[in-house]
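As provided, run-v2.txt (compact mmCIF, N, CA and C atoms) reads as follows.
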# COMPACT_ATOMS: atom_id res chain seq x y z
N MET A 1 -62.61 -20.60 -43.21
CA MET A 1 -61.73 -19.58 -42.67
C MET A 1 -61.04 -18.88 -43.83
N ARG A 2 -60.97 -17.57 -43.75
CA ARG A 2 -60.28 -16.76 -44.76
C ARG A 2 -59.20 -15.95 -44.05
N LEU A 3 -58.00 -16.51 -44.02
CA LEU A 3 -56.87 -15.90 -43.33
C LEU A 3 -56.12 -14.96 -44.26
N TRP A 4 -55.84 -13.77 -43.75
CA TRP A 4 -55.01 -12.80 -44.45
C TRP A 4 -53.82 -12.47 -43.56
N VAL A 5 -52.66 -12.40 -44.17
CA VAL A 5 -51.44 -12.00 -43.47
C VAL A 5 -51.10 -10.59 -43.92
N VAL A 6 -51.06 -9.67 -42.97
CA VAL A 6 -50.78 -8.26 -43.25
C VAL A 6 -49.31 -7.98 -42.93
N VAL A 7 -48.62 -7.34 -43.89
CA VAL A 7 -47.20 -7.06 -43.74
C VAL A 7 -46.96 -5.56 -43.97
N PRO A 8 -46.89 -4.77 -42.90
CA PRO A 8 -46.51 -3.37 -43.07
C PRO A 8 -45.06 -3.28 -43.53
N ALA A 9 -44.77 -2.38 -44.46
CA ALA A 9 -43.41 -2.30 -45.00
C ALA A 9 -43.03 -0.85 -45.31
N PHE A 10 -41.92 -0.42 -44.76
CA PHE A 10 -41.38 0.91 -45.06
C PHE A 10 -39.95 0.74 -45.55
N ASP A 11 -39.70 1.11 -46.79
CA ASP A 11 -38.37 1.02 -47.40
C ASP A 11 -37.73 -0.34 -47.18
N GLU A 12 -38.44 -1.38 -47.58
CA GLU A 12 -37.98 -2.76 -47.42
C GLU A 12 -37.66 -3.44 -48.74
N ALA A 13 -37.39 -2.67 -49.79
CA ALA A 13 -37.12 -3.27 -51.10
C ALA A 13 -35.98 -4.28 -51.04
N ALA A 14 -34.98 -4.02 -50.23
CA ALA A 14 -33.82 -4.92 -50.16
C ALA A 14 -34.10 -6.19 -49.38
N GLY A 15 -35.10 -6.20 -48.52
CA GLY A 15 -35.30 -7.35 -47.66
C GLY A 15 -36.64 -8.05 -47.74
N ILE A 16 -37.62 -7.45 -48.41
CA ILE A 16 -38.96 -8.04 -48.36
C ILE A 16 -39.07 -9.35 -49.14
N THR A 17 -38.19 -9.57 -50.08
CA THR A 17 -38.23 -10.83 -50.82
C THR A 17 -38.07 -12.01 -49.88
N ALA A 18 -37.21 -11.91 -48.89
CA ALA A 18 -37.02 -13.01 -47.93
C ALA A 18 -38.31 -13.29 -47.16
N THR A 19 -39.03 -12.23 -46.79
CA THR A 19 -40.30 -12.40 -46.09
C THR A 19 -41.32 -13.08 -46.99
N LEU A 20 -41.42 -12.62 -48.21
CA LEU A 20 -42.38 -13.22 -49.16
C LEU A 20 -42.01 -14.66 -49.47
N ASP A 21 -40.72 -14.95 -49.59
CA ASP A 21 -40.26 -16.33 -49.83
C ASP A 21 -40.64 -17.23 -48.65
N ALA A 22 -40.48 -16.72 -47.44
CA ALA A 22 -40.83 -17.50 -46.25
C ALA A 22 -42.33 -17.79 -46.20
N LEU A 23 -43.13 -16.81 -46.56
CA LEU A 23 -44.58 -17.03 -46.60
C LEU A 23 -44.94 -18.03 -47.70
N ALA A 24 -44.30 -17.93 -48.84
CA ALA A 24 -44.57 -18.84 -49.94
C ALA A 24 -44.16 -20.28 -49.61
N ALA A 25 -43.20 -20.44 -48.71
CA ALA A 25 -42.69 -21.77 -48.35
C ALA A 25 -43.56 -22.48 -47.30
N GLN A 26 -44.59 -21.83 -46.82
CA GLN A 26 -45.44 -22.45 -45.81
C GLN A 26 -46.14 -23.68 -46.37
N THR A 27 -46.26 -24.70 -45.55
CA THR A 27 -46.93 -25.94 -45.98
C THR A 27 -48.41 -25.69 -46.24
N ASP A 28 -49.06 -24.99 -45.35
CA ASP A 28 -50.47 -24.65 -45.51
C ASP A 28 -50.54 -23.27 -46.14
N ARG A 29 -50.88 -23.22 -47.41
CA ARG A 29 -50.89 -21.95 -48.15
C ARG A 29 -52.30 -21.38 -48.30
N ASP A 30 -53.19 -21.73 -47.40
CA ASP A 30 -54.56 -21.25 -47.48
C ASP A 30 -54.68 -19.88 -46.82
N PHE A 31 -54.01 -18.90 -47.40
CA PHE A 31 -54.05 -17.53 -46.90
C PHE A 31 -53.70 -16.58 -48.03
N ARG A 32 -54.05 -15.34 -47.82
CA ARG A 32 -53.68 -14.26 -48.74
C ARG A 32 -52.71 -13.33 -48.04
N VAL A 33 -51.85 -12.72 -48.81
CA VAL A 33 -50.87 -11.80 -48.24
C VAL A 33 -51.16 -10.39 -48.75
N LEU A 34 -51.14 -9.46 -47.82
CA LEU A 34 -51.36 -8.05 -48.13
C LEU A 34 -50.18 -7.25 -47.58
N VAL A 35 -49.43 -6.63 -48.46
CA VAL A 35 -48.32 -5.78 -48.04
C VAL A 35 -48.81 -4.34 -48.07
N VAL A 36 -48.60 -3.65 -46.96
CA VAL A 36 -48.97 -2.24 -46.87
C VAL A 36 -47.71 -1.42 -47.04
N ASP A 37 -47.59 -0.78 -48.18
CA ASP A 37 -46.44 0.08 -48.47
C ASP A 37 -46.63 1.37 -47.68
N ASN A 38 -45.79 1.56 -46.69
CA ASN A 38 -45.95 2.66 -45.74
C ASN A 38 -45.09 3.85 -46.14
N ALA A 39 -45.44 4.48 -47.26
CA ALA A 39 -44.76 5.67 -47.78
C ALA A 39 -43.30 5.39 -48.14
N SER A 40 -43.05 4.20 -48.66
CA SER A 40 -41.68 3.83 -49.06
C SER A 40 -41.20 4.70 -50.22
N THR A 41 -39.89 4.90 -50.26
CA THR A 41 -39.27 5.67 -51.34
C THR A 41 -38.28 4.84 -52.14
N ASP A 42 -38.23 3.53 -51.87
CA ASP A 42 -37.21 2.67 -52.47
C ASP A 42 -37.75 1.61 -53.42
N GLY A 43 -39.00 1.68 -53.80
CA GLY A 43 -39.55 0.69 -54.74
C GLY A 43 -40.04 -0.59 -54.08
N THR A 44 -40.33 -0.55 -52.79
CA THR A 44 -40.82 -1.73 -52.08
C THR A 44 -42.03 -2.34 -52.80
N ALA A 45 -42.99 -1.53 -53.16
CA ALA A 45 -44.21 -2.04 -53.80
C ALA A 45 -43.90 -2.74 -55.12
N ASP A 46 -42.95 -2.24 -55.88
CA ASP A 46 -42.58 -2.88 -57.14
C ASP A 46 -41.97 -4.25 -56.91
N VAL A 47 -41.15 -4.38 -55.87
CA VAL A 47 -40.56 -5.69 -55.54
C VAL A 47 -41.66 -6.67 -55.18
N VAL A 48 -42.62 -6.23 -54.38
CA VAL A 48 -43.72 -7.10 -53.97
C VAL A 48 -44.55 -7.52 -55.18
N ARG A 49 -44.88 -6.58 -56.03
CA ARG A 49 -45.70 -6.90 -57.21
C ARG A 49 -45.00 -7.88 -58.15
N ALA A 50 -43.68 -7.84 -58.20
CA ALA A 50 -42.92 -8.73 -59.08
C ALA A 50 -42.72 -10.13 -58.50
N HIS A 51 -42.99 -10.30 -57.22
CA HIS A 51 -42.77 -11.60 -56.57
C HIS A 51 -43.87 -12.57 -56.97
N PRO A 52 -43.53 -13.84 -57.21
CA PRO A 52 -44.53 -14.82 -57.66
C PRO A 52 -45.60 -15.18 -56.62
N LEU A 53 -45.44 -14.79 -55.37
CA LEU A 53 -46.44 -15.10 -54.36
C LEU A 53 -47.79 -14.48 -54.70
N GLY A 54 -47.77 -13.34 -55.38
CA GLY A 54 -49.02 -12.68 -55.76
C GLY A 54 -49.67 -11.88 -54.65
N ALA A 55 -48.86 -11.32 -53.78
CA ALA A 55 -49.39 -10.52 -52.68
C ALA A 55 -50.05 -9.25 -53.22
N ARG A 56 -51.10 -8.84 -52.54
CA ARG A 56 -51.72 -7.56 -52.85
C ARG A 56 -50.89 -6.45 -52.20
N VAL A 57 -50.98 -5.27 -52.77
CA VAL A 57 -50.29 -4.10 -52.21
C VAL A 57 -51.29 -2.98 -52.06
N VAL A 58 -51.29 -2.36 -50.88
CA VAL A 58 -52.03 -1.13 -50.67
C VAL A 58 -51.03 -0.11 -50.12
N VAL A 59 -51.33 1.14 -50.31
CA VAL A 59 -50.43 2.21 -49.88
C VAL A 59 -51.05 2.95 -48.72
N GLU A 60 -50.24 3.18 -47.69
CA GLU A 60 -50.63 4.02 -46.55
C GLU A 60 -49.62 5.15 -46.46
N PRO A 61 -50.02 6.37 -46.82
CA PRO A 61 -49.08 7.48 -46.83
C PRO A 61 -48.67 7.98 -45.45
N GLN A 62 -49.47 7.71 -44.43
CA GLN A 62 -49.12 8.15 -43.08
C GLN A 62 -48.09 7.18 -42.51
N ARG A 63 -46.91 7.69 -42.23
CA ARG A 63 -45.84 6.82 -41.74
C ARG A 63 -46.12 6.29 -40.34
N GLY A 64 -45.67 5.07 -40.14
CA GLY A 64 -45.80 4.43 -38.83
C GLY A 64 -46.40 3.05 -38.99
N THR A 65 -45.81 2.11 -38.28
CA THR A 65 -46.28 0.72 -38.40
C THR A 65 -47.71 0.56 -37.93
N GLY A 66 -48.13 1.37 -36.95
CA GLY A 66 -49.51 1.29 -36.48
C GLY A 66 -50.50 1.68 -37.55
N ALA A 67 -50.23 2.79 -38.24
CA ALA A 67 -51.11 3.23 -39.32
C ALA A 67 -51.14 2.21 -40.44
N ALA A 68 -49.98 1.66 -40.77
CA ALA A 68 -49.92 0.67 -41.86
C ALA A 68 -50.66 -0.60 -41.48
N ALA A 69 -50.47 -1.08 -40.26
CA ALA A 69 -51.17 -2.29 -39.82
C ALA A 69 -52.67 -2.08 -39.81
N ASP A 70 -53.12 -0.93 -39.32
CA ASP A 70 -54.54 -0.62 -39.27
C ASP A 70 -55.14 -0.59 -40.68
N THR A 71 -54.45 0.07 -41.60
CA THR A 71 -54.91 0.12 -42.99
C THR A 71 -55.01 -1.29 -43.57
N GLY A 72 -53.99 -2.10 -43.33
CA GLY A 72 -54.00 -3.46 -43.86
C GLY A 72 -55.11 -4.31 -43.29
N MET A 73 -55.31 -4.22 -41.99
CA MET A 73 -56.37 -5.01 -41.35
C MET A 73 -57.75 -4.59 -41.87
N ARG A 74 -57.96 -3.30 -41.98
CA ARG A 74 -59.25 -2.82 -42.49
C ARG A 74 -59.48 -3.26 -43.94
N HIS A 75 -58.43 -3.19 -44.74
CA HIS A 75 -58.54 -3.61 -46.14
C HIS A 75 -58.87 -5.11 -46.21
N ALA A 76 -58.18 -5.91 -45.43
CA ALA A 76 -58.41 -7.36 -45.44
C ALA A 76 -59.83 -7.70 -45.00
N ILE A 77 -60.30 -7.06 -43.94
CA ILE A 77 -61.66 -7.31 -43.47
C ILE A 77 -62.68 -6.92 -44.54
N ALA A 78 -62.47 -5.78 -45.17
CA ALA A 78 -63.39 -5.34 -46.24
C ALA A 78 -63.38 -6.32 -47.41
N ALA A 79 -62.27 -7.02 -47.61
CA ALA A 79 -62.16 -8.00 -48.70
C ALA A 79 -62.64 -9.38 -48.28
N GLY A 80 -63.10 -9.52 -47.05
CA GLY A 80 -63.69 -10.78 -46.63
C GLY A 80 -62.88 -11.62 -45.65
N ALA A 81 -61.80 -11.08 -45.10
CA ALA A 81 -61.00 -11.84 -44.14
C ALA A 81 -61.83 -12.16 -42.90
N THR A 82 -61.68 -13.39 -42.42
CA THR A 82 -62.31 -13.78 -41.16
C THR A 82 -61.26 -13.93 -40.05
N HIS A 83 -60.00 -14.10 -40.46
CA HIS A 83 -58.89 -14.21 -39.52
C HIS A 83 -57.74 -13.36 -40.04
N LEU A 84 -57.00 -12.75 -39.12
CA LEU A 84 -55.90 -11.87 -39.50
C LEU A 84 -54.63 -12.27 -38.77
N ALA A 85 -53.52 -12.11 -39.46
CA ALA A 85 -52.20 -12.27 -38.85
C ALA A 85 -51.34 -11.11 -39.35
N ARG A 86 -50.33 -10.77 -38.58
CA ARG A 86 -49.43 -9.69 -38.96
C ARG A 86 -48.01 -10.17 -38.79
N THR A 87 -47.17 -9.82 -39.74
CA THR A 87 -45.75 -10.13 -39.62
C THR A 87 -44.95 -8.94 -40.09
N ASP A 88 -43.68 -8.91 -39.73
CA ASP A 88 -42.81 -7.82 -40.15
C ASP A 88 -42.27 -8.08 -41.55
N ALA A 89 -41.90 -7.02 -42.24
CA ALA A 89 -41.39 -7.12 -43.59
C ALA A 89 -39.92 -7.51 -43.64
N ASP A 90 -39.25 -7.41 -42.51
CA ASP A 90 -37.81 -7.67 -42.51
C ASP A 90 -37.47 -9.05 -41.96
N SER A 91 -38.32 -10.01 -42.21
CA SER A 91 -38.18 -11.40 -41.76
C SER A 91 -37.13 -11.51 -40.71

How does this structure look as structure tokens?
Amino acid sequence: MRLWVVVPAFDEAAGITATLDALAAQTDRDFRVLVVDNASTDGTADVVRAHPLGARVVVEPQRGTGAAADTGMRHAIAAGATHLARTDADS
């Protein structure tokens, strides 16, 4: 199983660390995390890239959680995901 967790995020620089910390604290860490920066203007992607979890970041310029989730799911599947999960960026 290749599980990917997709996290759409719009202007979540102040709060996404808590989400990434919660994912990193999971007992079963057999998953990859993909954060979809949904046209953020506050440096969300930079915060994610600096976090030790090592989440991937993709950018979706079309605003809306649906567009971001779709982009993330498609990216994960193209990278080999067999299972997908989605969570919010604001834990």

Find the spatial neighbours of A:Val7, counting all atoms listed in the file, within a cut-off of 6 Å - ignore same-chain residues fewer than 4 positions away - and output them as a tab-separated table (two decimals) with N, CA and C atoms, keeping the file's coordinate frame.
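Below is the file that was written, part_20.tsv:
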chain	number	residue	atom	x	y	z
A	34	LEU	N	-51.14	-9.46	-47.82
A	34	LEU	CA	-51.36	-8.05	-48.13
A	34	LEU	C	-50.18	-7.25	-47.58
A	35	VAL	N	-49.43	-6.63	-48.46
A	35	VAL	CA	-48.32	-5.78	-48.04
A	35	VAL	C	-48.81	-4.34	-48.07
A	36	VAL	N	-48.60	-3.65	-46.96
A	36	VAL	CA	-48.97	-2.24	-46.87
A	36	VAL	C	-47.71	-1.42	-47.04
A	86	ARG	N	-50.33	-10.77	-38.58
A	86	ARG	CA	-49.43	-9.69	-38.96
A	86	ARG	C	-48.01	-10.17	-38.79
A	87	THR	N	-47.17	-9.82	-39.74
A	87	THR	CA	-45.75	-10.13	-39.62
A	87	THR	C	-44.95	-8.94	-40.09
A	88	ASP	N	-43.68	-8.91	-39.73
A	88	ASP	CA	-42.81	-7.82	-40.15
A	88	ASP	C	-42.27	-8.08	-41.55
A	89	ALA	N	-41.90	-7.02	-42.24
A	89	ALA	CA	-41.39	-7.12	-43.59
A	89	ALA	C	-39.92	-7.51	-43.64

Neighbour list for A:Thr71 as a list in words, cut-off 8 Å, only N, CA and C atoms, skip fewer than 3 positions in-chain: Val36, Val58, Val59, Glu60, Thr65, Gly66, Ala67, Ala68, Arg74, His75, Ala76 and Ile77 of chain A

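Inside chain A, the residues DSSP reads as strand (DSSP E or B) when given the backbone are Leu3, Trp4, Val5, Val6, Val7, Pro8, Ala9, Phe31, Arg32, Val33, Leu34, Val35, Val36, Asp37, Arg56, Val57, Val58, Val59, His83, Leu84, Ala85 and Arg86 of chain A.
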
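For the set A:Arg32, A:Arg2, A:Met73, A:Gln26, the residue with the smallest atom-to-atom gap to A:Gly54 is A:Arg32, counting all atoms listed in the file.
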
Which residue of A:Met1, A:Gly64, A:Pro52, A:Ala79 approaches A:Ala24 most closely, using only N, CA and C atoms: A:Pro52

Pull out stretch 48-77 of chain A, keep N, CA and C atoms, and write it as a compact mmCIF listing (two decimals), in the first residue's frame.
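Printed below is out-v2.txt as written:
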# COMPACT_ATOMS: atom_id res chain seq x y z
N VAL A 48 6.06 24.89 4.94
CA VAL A 48 5.99 23.44 4.71
C VAL A 48 7.35 22.89 4.31
N ARG A 49 8.03 23.57 3.41
CA ARG A 49 9.34 23.09 2.95
C ARG A 49 10.37 23.07 4.08
N ALA A 50 10.24 23.96 5.04
CA ALA A 50 11.19 24.04 6.16
C ALA A 50 10.89 23.02 7.26
N HIS A 51 9.72 22.41 7.23
CA HIS A 51 9.34 21.46 8.28
C HIS A 51 10.08 20.14 8.08
N PRO A 52 10.53 19.51 9.17
CA PRO A 52 11.30 18.26 9.04
C PRO A 52 10.51 17.05 8.54
N LEU A 53 9.20 17.14 8.45
CA LEU A 53 8.41 16.01 7.95
C LEU A 53 8.78 15.67 6.52
N GLY A 54 9.19 16.66 5.74
CA GLY A 54 9.59 16.42 4.36
C GLY A 54 8.43 16.30 3.39
N ALA A 55 7.36 17.02 3.67
CA ALA A 55 6.19 16.98 2.79
C ALA A 55 6.53 17.59 1.43
N ARG A 56 5.92 17.04 0.41
CA ARG A 56 6.03 17.64 -0.92
C ARG A 56 5.06 18.81 -1.01
N VAL A 57 5.37 19.75 -1.88
CA VAL A 57 4.50 20.90 -2.11
C VAL A 57 4.24 21.02 -3.60
N VAL A 58 2.97 21.17 -3.95
CA VAL A 58 2.59 21.53 -5.31
C VAL A 58 1.72 22.78 -5.21
N VAL A 59 1.68 23.53 -6.27
CA VAL A 59 0.92 24.78 -6.28
C VAL A 59 -0.28 24.63 -7.19
N GLU A 60 -1.43 25.07 -6.69
CA GLU A 60 -2.66 25.13 -7.48
C GLU A 60 -3.12 26.59 -7.47
N PRO A 61 -2.98 27.29 -8.60
CA PRO A 61 -3.32 28.71 -8.62
C PRO A 61 -4.82 29.00 -8.59
N GLN A 62 -5.65 28.03 -8.96
CA GLN A 62 -7.10 28.25 -8.93
C GLN A 62 -7.57 28.08 -7.49
N ARG A 63 -8.11 29.15 -6.93
CA ARG A 63 -8.54 29.10 -5.53
C ARG A 63 -9.74 28.20 -5.33
N GLY A 64 -9.73 27.56 -4.18
CA GLY A 64 -10.85 26.70 -3.79
C GLY A 64 -10.33 25.35 -3.33
N THR A 65 -10.89 24.89 -2.24
CA THR A 65 -10.42 23.62 -1.68
C THR A 65 -10.66 22.45 -2.62
N GLY A 66 -11.72 22.52 -3.42
CA GLY A 66 -11.99 21.45 -4.38
C GLY A 66 -10.90 21.35 -5.43
N ALA A 67 -10.51 22.49 -5.99
CA ALA A 67 -9.44 22.50 -7.00
C ALA A 67 -8.13 22.02 -6.39
N ALA A 68 -7.84 22.46 -5.17
CA ALA A 68 -6.59 22.05 -4.52
C ALA A 68 -6.59 20.56 -4.22
N ALA A 69 -7.70 20.04 -3.71
CA ALA A 69 -7.78 18.61 -3.40
C ALA A 69 -7.64 17.78 -4.67
N ASP A 70 -8.30 18.20 -5.74
CA ASP A 70 -8.23 17.49 -7.01
C ASP A 70 -6.79 17.46 -7.54
N THR A 71 -6.14 18.61 -7.50
CA THR A 71 -4.73 18.68 -7.95
C THR A 71 -3.86 17.75 -7.12
N GLY A 72 -4.05 17.77 -5.81
CA GLY A 72 -3.26 16.92 -4.93
C GLY A 72 -3.49 15.44 -5.18
N MET A 73 -4.74 15.06 -5.33
CA MET A 73 -5.05 13.64 -5.57
C MET A 73 -4.46 13.17 -6.90
N ARG A 74 -4.60 13.99 -7.92
CA ARG A 74 -4.05 13.63 -9.23
C ARG A 74 -2.52 13.51 -9.17
N HIS A 75 -1.89 14.44 -8.47
CA HIS A 75 -0.43 14.40 -8.33
C HIS A 75 0.00 13.13 -7.59
N ALA A 76 -0.68 12.81 -6.52
CA ALA A 76 -0.34 11.62 -5.73
C ALA A 76 -0.50 10.34 -6.54
N ILE A 77 -1.60 10.25 -7.27
CA ILE A 77 -1.83 9.06 -8.10
C ILE A 77 -0.75 8.94 -9.17
